[in-house]
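Q: Quick one, query34.tsv (TSV, C-alpha atoms):
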```tsv
chain	number	residue	atom	x	y	z
A	1414	MET	CA	37.63	12.49	82.26
A	1415	PRO	CA	39.54	9.27	81.62
A	1416	LEU	CA	42.97	8.89	83.17
A	1417	THR	CA	45.86	7.33	81.34
A	1418	PRO	CA	47.66	4.32	82.80
A	1419	ASP	CA	50.74	6.58	83.10
A	1420	GLU	CA	48.81	9.03	85.29
A	1421	VAL	CA	47.62	6.14	87.44
A	1422	ALA	CA	51.21	4.86	87.65
A	1423	HIS	CA	52.35	8.32	88.82
A	1424	VAL	CA	49.68	8.45	91.54
A	1425	ALA	CA	50.52	4.88	92.57
A	1426	MET	CA	54.19	5.81	92.83
A	1427	LEU	CA	53.32	8.79	95.06
A	1428	ALA	CA	51.22	6.47	97.26
A	1429	ARG	CA	53.95	3.81	97.13
A	1430	LEU	CA	51.63	1.23	95.60
A	1431	GLY	CA	52.97	-1.47	93.34
A	1432	LEU	CA	50.45	-1.98	90.54
A	1433	THR	CA	50.51	-4.34	87.59
A	1434	GLU	CA	49.74	-3.10	84.07
A	1435	GLU	CA	46.29	-4.70	84.34
A	1436	GLU	CA	45.58	-2.93	87.64
A	1437	ARG	CA	46.71	0.42	86.18
A	1438	ALA	CA	44.35	0.04	83.24
A	1439	ARG	CA	41.42	-0.95	85.48
A	1440	LEU	CA	42.08	1.84	87.95
A	1441	ALA	CA	42.34	4.38	85.12
A	1442	VAL	CA	38.72	3.60	84.24
A	1443	GLU	CA	37.51	3.50	87.86
A	1444	LEU	CA	39.29	6.70	88.91
A	1445	GLY	CA	38.07	8.44	85.75
A	1446	ALA	CA	34.48	7.58	86.73
A	1447	ILE	CA	35.05	8.98	90.23
A	1448	ILE	CA	36.48	12.21	88.81
A	1449	ASP	CA	33.49	12.50	86.43
A	1450	HIS	CA	31.09	12.08	89.35
A	1451	VAL	CA	32.85	14.73	91.45
A	1452	SER	CA	32.96	17.13	88.51
A	1453	ALA	CA	29.17	16.71	88.17
A	1454	LEU	CA	28.88	18.10	91.70
A	1455	ASN	CA	30.62	21.27	90.49
A	1456	ARG	CA	27.73	21.88	88.09
A	1457	VAL	CA	25.13	21.95	90.89
A	1458	ASP	CA	23.67	25.42	91.50
A	1459	THR	CA	24.47	26.34	95.10
A	1460	SER	CA	23.89	30.08	94.77
A	1461	HIS	CA	20.87	29.95	97.12
A	1462	VAL	CA	22.58	27.83	99.76
A	1463	ALA	CA	23.99	29.73	102.72
A	1464	GLU	CA	27.65	29.24	103.48
A	1465	THR	CA	28.30	27.12	106.51
A	1466	ALA	CA	31.30	25.66	108.23
A	1467	GLN	CA	29.33	22.97	110.04
A	1468	VAL	CA	26.44	21.04	108.51
A	1469	GLY	CA	25.38	19.18	111.63
A	1470	GLY	CA	25.14	19.84	115.31
A	1471	LEU	CA	28.30	19.58	117.34
A	1472	VAL	CA	28.34	16.68	119.75
A	1473	ASN	CA	31.14	15.82	122.14
A	1474	VAL	CA	31.88	12.13	121.64
A	1475	TRP	CA	34.87	11.95	123.93
A	1476	ARG	CA	34.75	9.62	126.88
A	1477	GLU	CA	35.76	10.67	130.34
A	1478	ASP	CA	39.43	10.20	131.17
A	1479	GLU	CA	40.03	7.14	133.28
A	1480	GLU	CA	43.23	6.36	135.09
A	1481	ARG	CA	44.70	3.03	133.99
A	1482	PRO	CA	47.97	1.22	134.55
A	1483	PRO	CA	50.65	1.95	131.92
A	1484	LEU	CA	50.84	-0.28	128.84
A	1485	GLY	CA	54.33	-1.61	129.43
A	1486	ARG	CA	57.29	-1.79	127.07
A	1487	ARG	CA	56.70	-5.34	125.81
A	1488	ALA	CA	53.04	-4.67	124.93
A	1489	ALA	CA	53.88	-1.31	123.31
A	1490	LEU	CA	56.54	-2.90	121.09
A	1491	ALA	CA	54.55	-6.07	120.32
A	1492	ASN	CA	53.25	-4.91	116.91
A	1493	ALA	CA	56.16	-2.64	115.97
A	1494	PRO	CA	57.63	-3.51	112.57
A	1495	ASP	CA	61.15	-2.97	113.95
A	1496	HIS	CA	62.42	-2.54	117.51
A	1497	ASP	CA	65.41	-3.42	119.66
A	1498	ASP	CA	63.54	-4.63	122.80
A	1499	GLU	CA	63.68	-1.12	124.26
A	1500	PHE	CA	62.81	1.38	121.54
A	1501	PHE	CA	60.95	1.64	118.25
A	1502	ARG	CA	63.41	1.58	115.37
A	1503	VAL	CA	62.57	3.90	112.44
A	1504	GLY	CA	64.38	4.82	109.26
A	1505	ALA	CA	66.20	8.09	108.78
A	1506	ILE	CA	64.10	10.92	107.39
A	1507	GLN	CA	66.94	13.16	106.27
A	1508	GLU	CA	69.02	12.58	103.21
A	1509	GLN	CA	72.76	12.09	103.69
```
I'd like the structure from this file rewritten - as structure tokens, please.

A:
Amino acid sequence: MPLTPDEVAHVAMLARLGLTEEERARLAVELGAIIDHVSALNRVDTSHVAETAQVGGLVNVWREDEERPPLGRRAALANAPDHDDEFFRVGAIQEQ
């Protein structure tokens, strides 16, 4: 199922990706191939496969909690895109 460059542009806008016309055309072909592959999975007969919520054994991969000294404000803010030396600064999420 080929996608149009306009459909790719719409998805890119939703994902906030800036794509050139060339990238849209290339991704239309690539995403179309992915959709075709996934749709082929829908044609597989699974009527004799029992329903399951978990395909593998459950294993706890968590480590034990260890007490450590706190990170500190400077280290916590070191990679923040915007801060004021005390707090993270984020944009408003509500419209005016």

Q: Write out as an mmCIF file with C-alpha atoms, in the coordinates of the input which residues come within 8 Å of stretch 1446-1448 of chain A when counting only C-alpha atoms, dropping same-chain ones fewer than 3 positions away.

A:
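Written out: selection04.cif:
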```cif
data_model
loop_
_atom_site.group_PDB
_atom_site.id
_atom_site.type_symbol
_atom_site.label_atom_id
_atom_site.label_comp_id
_atom_site.auth_asym_id
_atom_site.auth_seq_id
_atom_site.Cartn_x
_atom_site.Cartn_y
_atom_site.Cartn_z
ATOM 1 C CA MET A 1414 37.630 12.490 82.260
ATOM 2 C CA PRO A 1415 39.540 9.270 81.620
ATOM 3 C CA VAL A 1442 38.720 3.600 84.240
ATOM 4 C CA GLU A 1443 37.510 3.500 87.860
ATOM 5 C CA VAL A 1451 32.850 14.730 91.450
ATOM 6 C CA SER A 1452 32.960 17.130 88.510
#
```

Q: Please identify all polymer residues within 8 Å of A:Ala1422, counting all atoms listed in the file, omitting same-chain residues fewer than 4 positions from it, and present them as number ranges by chain.

A: A: 1418, 1426, 1432, 1437

Q: Closest to A:Phe1500 among A:Leu1440, A:Ala1488, A:Ala1453, A:Val1421, using all atoms listed in the file?

A: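 Of A:Leu1440, A:Ala1488, A:Ala1453, A:Val1421, the one nearest A:Phe1500, counting all atoms listed in the file, is A:Ala1488.
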
Q: Can you work out the spacing between atom CA of A:Trp1475 and atom CA of A:Ala1491 in Å, to one decimal?

A: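 Atom CA of A:Trp1475 sits 26.9 Å away from atom CA of A:Ala1491.
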
Q: Just the number, please: distance in Å from atom CA of A:Val1424 to atom CA of A:Asn1492, one decimal.

A: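 Result for atom CA of A:Val1424 versus atom CA of A:Asn1492: 28.9 Å, one decimal.
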
Q: Find the distance between atom CA of A:Arg1481 and atom CA of A:Phe1501 and write it in Å to one decimal.

A: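 Between these atoms lies a distance of 22.7 Å.
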
Q: Can you sort out the box for stretch 1431-1443 of chain A, edges along x, y and z, all listed atoms in, 5 Å on every side, with centre and edge lengths in Å to one decimal, as AutoDock Vina command-line options?

A:
```
--center_x 45.2 --center_y -0.2 --center_z 88.3 --size_x 25.5 --size_y 19.1 --size_z 20.1
```
